[in-house]
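Take a look at the structure below.
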Amino acid sequence: MWASLGWISWAVSAVLILWMVWDFLKVNRSFGEDVLLSSREGVDELFADSGKARGTER
Amino acid sequence: MSEQVAVQGQTKQINLLKVLGPVHVWALGVGIVLVGEFMGWNYGVGKGGAFGALISCWVIGLLYTCVAMIDSEITSTVAAAGGQYAQAKHTIGPLMAFNVGLYLVFAYTMLEAGDVQVVGFLIQIGATDLLGTAPTHWEPWVVLSLAILALLNYRGVFMTLTVNFWITFIAFLSIIVLFFGVKPWSPGEILLHKDLLTDLPYGWLGVFAALHFGIWFYLGIEGTCQAAEEVRSPGRALPLGTITGIITLLIAAALTWYVAVGLLPWEYVGWDLELAPLYDVAKISGSKFLHIFLFIGTLFSAIASANGCINDAARAWFSMGRDRYLPAWFAAVHPKYRTPFRSIIFLIPIGIIFAIYVPLAQVITFSILSGLLNYTFMPINMWKFRKMWPLGSIKRGFIHPFHPLPAIVLLVLCIATFFAIYLGYGNQLLAMMLFYIVASLWFVVFRYKYVRRGDQFTMPWPKPLGY
């Protein structure tokens, strides 16, 4: 039984990892680097009255 | 769920999602750490006896209380992914920030590798005890748990940390249930402290050596601030989640020690081959329910820890990429799931390799050393932070009391713990130091030219005092 469960674990792991790799490649092909790398460090509402973060529209 | 797409010129801006609350912060911090109550701390008993481990639990508890207080104040103002890395680049400078970023990535990736190794071992142990038959290989379970957790992390932080909350809560509940299950109100019936507790077997030097393992009770609570960019209100949620987290851990550590040394002789608790003392306590308690529940609690604690570590290591790596400390390629955010997906995918194979090929004691020592280097940075960071932006100059979500006492206590305890680690793991400590020195040289010579120093100061603060 444990041998079968071991093989099932390998198979499920492979499916999950392959799905991530497939999605990863799909996203890299579908979106430009300017979009994917557009994240900027944000600010909290705590600082709402202190101005705005560089490069971030709020 | 808040939509974070903003228009910047012609480019859609994709940020990490601000969807987390204090409960998720608690789940992240306690989730990473709680596994340390189920295992690891007990090797301190082997060094200093039962009371030596208790003293180390208190002393290191004080160290982490200082960590939690300092972290809460600074993170409540530096609302950025990367935690202490983001703090370091604002208060000290690029070289310190690079090192702190590496400490974080190594501490979490190594801990994650250790956690999933433990999952594999636990499945073997639990199956043998409960079913009478066990899998011959633990590796499939290691890879399966990492693949499931990686997928969770890849697909969104909200679900990742909601799952972490529930499994951490069940693991914590198992410690509480075990405590009441061994009838602490009736000493001598199940708990045999009177017979089992001894004087310090190796004197005060043993207590000193036990400090190294006291770290297990709390290692990773500082991980809460990695969520800074994804919590809805960092100024409120981070201090609340972190302080309630450290309180939870102090309670769990006290209960763990009390139960374990009341049922097992200190020689057994501190034995090198003893993996999970709380599970063993449940096993000999005579209750099948406790036996099964503690197996589930121990397993869940290891899974929760690995889950939180994947989350935190990826955030630190992502932040370093975003500031060009590493190739900017790592700073990509998934347009649908809003996670640092390239960093997650990149770090998972490293976790798998260390989990399968490196012994547990080694990966955990790498993690502890990196964590300790990070704690040593914190008092320096705090002094600079209060000096450059004194109280009243910027808005803080939390102000920690008695400054500079916590910073001084933290620095002294870090130095003492380094010495304790040197006594048992001197070679690893020196090798780790050498690694960080070489990495720093690489950064200065080859990488620093890509860092855009002006852009990385993102907090809307006034100029620091004296500038």
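Ordered as shown in the structure tokens, chains take letters A, B, and onward, while each chain numbers its residues from 1 and ligands are numbered from 1 in the order shown.
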Residues of chain B that approach chain A to 7 Å or less, counting only C-alpha atoms: could you list each one with the shortest pair of atoms and its distance in Å to one decimal, rows by chain and increasing residue number, as a Markdown table?
| residue | atom | partner | partner_atom | distance |
| --- | --- | --- | --- | --- |
| B:Ala6 | CA | A:Glu57 | CA | 6.3 |
| B:Gln8 | CA | A:Glu57 | CA | 7.0 |
| B:Thr11 | CA | A:Val35 | CA | 6.4 |
| B:Lys12 | CA | A:Val35 | CA | 6.1 |
| B:Gln13 | CA | A:Ser38 | CA | 5.1 |
| B:Ile14 | CA | A:Ser39 | CA | 5.3 |
| B:Asn15 | CA | A:Ser39 | CA | 4.6 |
| B:Ala79 | CA | A:Val43 | CA | 6.1 |
| B:Ala80 | CA | A:Glu41 | CA | 5.8 |
| B:Ala134 | CA | A:Trp2 | CA | 7.0 |
| B:Pro135 | CA | A:Trp2 | CA | 5.0 |
| B:Pro140 | CA | A:Trp10 | CA | 5.7 |
| B:Trp141 | CA | A:Ser9 | CA | 6.7 |
| B:Val143 | CA | A:Ser13 | CA | 6.5 |
| B:Leu144 | CA | A:Ser13 | CA | 4.9 |
| B:Ala147 | CA | A:Ser13 | CA | 5.5 |
| B:Leu151 | CA | A:Leu16 | CA | 6.9 |
| B:Glu229 | CA | A:Gly42 | CA | 6.7 |
| B:Ser233 | CA | A:Asp44 | CA | 6.5 |
| B:Pro234 | CA | A:Asp44 | CA | 6.7 |
| B:Gly235 | CA | A:Leu46 | CA | 6.3 |
| B:Ala331 | CA | A:Leu37 | CA | 5.8 |
| B:Ala332 | CA | A:Leu37 | CA | 4.7 |
| B:Val333 | CA | A:Leu36 | CA | 5.5 |
| B:His334 | CA | A:Leu36 | CA | 6.8 |
| B:Pro335 | CA | A:Leu36 | CA | 7.0 |
| B:Thr458 | CA | A:Ala53 | CA | 5.9 |
| B:Met459 | CA | A:Ala53 | CA | 6.5 |
| B:Pro460 | CA | A:Ala53 | CA | 6.1 |
Surrounding residues of Val45 of chain B excluding itself and chain neighbours under 5 positions, 8 Å, only C-alpha atoms, as a list in words: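 Contacts, in chain order: Ala50, Phe51, Gly52, Ala53, Ala210, Trp266, Glu267, Val269 and Gly270 of chain B.
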How about saving the chosen residues, N, CA and C atoms kept, as a CSV table (one decimal), in the first residue's frame?
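Okay, out.csv is ready:
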chain,number,residue,atom,x,y,z
B,50,ALA,N,16.6,19.7,32.5
B,50,ALA,CA,15.3,20.3,32.4
B,50,ALA,C,15.2,21.7,32.8
B,51,PHE,N,15.9,22.0,34.0
B,51,PHE,CA,15.8,23.5,34.4
B,51,PHE,C,16.7,24.3,33.5
B,52,GLY,N,17.8,23.8,33.0
B,52,GLY,CA,18.6,24.5,32.0
B,52,GLY,C,17.8,24.9,30.8
B,53,ALA,N,17.0,24.0,30.3
B,53,ALA,CA,16.1,24.3,29.1
B,53,ALA,C,15.1,25.4,29.5
B,210,ALA,N,22.6,25.6,26.4
B,210,ALA,CA,21.2,25.3,26.0
B,210,ALA,C,20.5,26.6,25.4
B,266,TRP,N,14.8,13.6,31.8
B,266,TRP,CA,15.5,14.6,31.0
B,266,TRP,C,16.5,14.0,30.0
B,267,GLU,N,17.1,12.8,30.4
B,267,GLU,CA,18.0,12.2,29.5
B,267,GLU,C,17.3,11.8,28.2
B,269,VAL,N,14.4,13.2,27.0
B,269,VAL,CA,13.9,14.4,26.3
B,269,VAL,C,15.0,15.0,25.5
B,270,GLY,N,16.2,15.0,26.1
B,270,GLY,CA,17.4,15.7,25.4
B,270,GLY,C,18.2,14.8,24.5
Excluding same-chain residues fewer than 2 positions from Val281 of chain B, what lies within 8 Å of it counting only C-alpha atoms, as a CSV table (one decimal) with N, CA, C and O atoms, in the first residue's frame?
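Everything below was put into result-v4.csv:
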chain,number,residue,atom,x,y,z
B,259,VAL,N,4.8,20.0,30.5
B,259,VAL,CA,4.3,18.7,30.2
B,259,VAL,C,5.4,17.7,29.8
B,259,VAL,O,5.4,16.5,30.4
B,260,ALA,N,6.4,18.1,29.0
B,260,ALA,CA,7.4,17.1,28.5
B,260,ALA,C,8.3,16.7,29.7
B,260,ALA,O,8.5,15.5,29.8
B,263,LEU,N,6.7,14.1,32.2
B,263,LEU,CA,6.4,12.7,31.8
B,263,LEU,C,7.6,11.9,31.4
B,263,LEU,O,7.6,10.7,31.4
B,264,LEU,N,8.6,12.6,30.9
B,264,LEU,CA,9.8,11.9,30.4
B,264,LEU,C,11.1,12.3,31.1
B,264,LEU,O,11.2,13.5,31.5
B,277,PRO,N,9.1,15.4,21.2
B,277,PRO,CA,8.8,15.0,22.6
B,277,PRO,C,7.3,15.1,23.0
B,277,PRO,O,6.8,14.3,23.7
B,278,LEU,N,6.7,16.1,22.4
B,278,LEU,CA,5.2,16.3,22.8
B,278,LEU,C,4.4,15.1,22.3
B,278,LEU,O,3.5,14.6,23.0
B,279,TYR,N,4.8,14.6,21.1
B,279,TYR,CA,4.1,13.5,20.5
B,279,TYR,C,4.4,12.2,21.4
B,279,TYR,O,3.5,11.4,21.7
B,283,LYS,N,1.9,9.8,23.5
B,283,LYS,CA,1.9,8.4,23.2
B,283,LYS,C,1.9,7.6,24.6
B,283,LYS,O,1.2,6.6,24.7
B,284,ILE,N,2.7,8.1,25.5
B,284,ILE,CA,2.7,7.4,26.8
B,284,ILE,C,1.7,7.8,27.8
B,284,ILE,O,1.6,7.3,28.9
B,285,SER,N,0.8,8.8,27.4
B,285,SER,CA,-0.2,9.3,28.3
B,285,SER,C,-1.3,8.2,28.5
B,285,SER,O,-2.1,8.3,29.5
Nearest to Tyr448 of chain B by atom-to-atom distance, counting only C-alpha atoms, from B:Phe330, B:Asp312, B:Lys387, B:Leu95: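 Under the stated criterion, the closest residue is B:Leu95.
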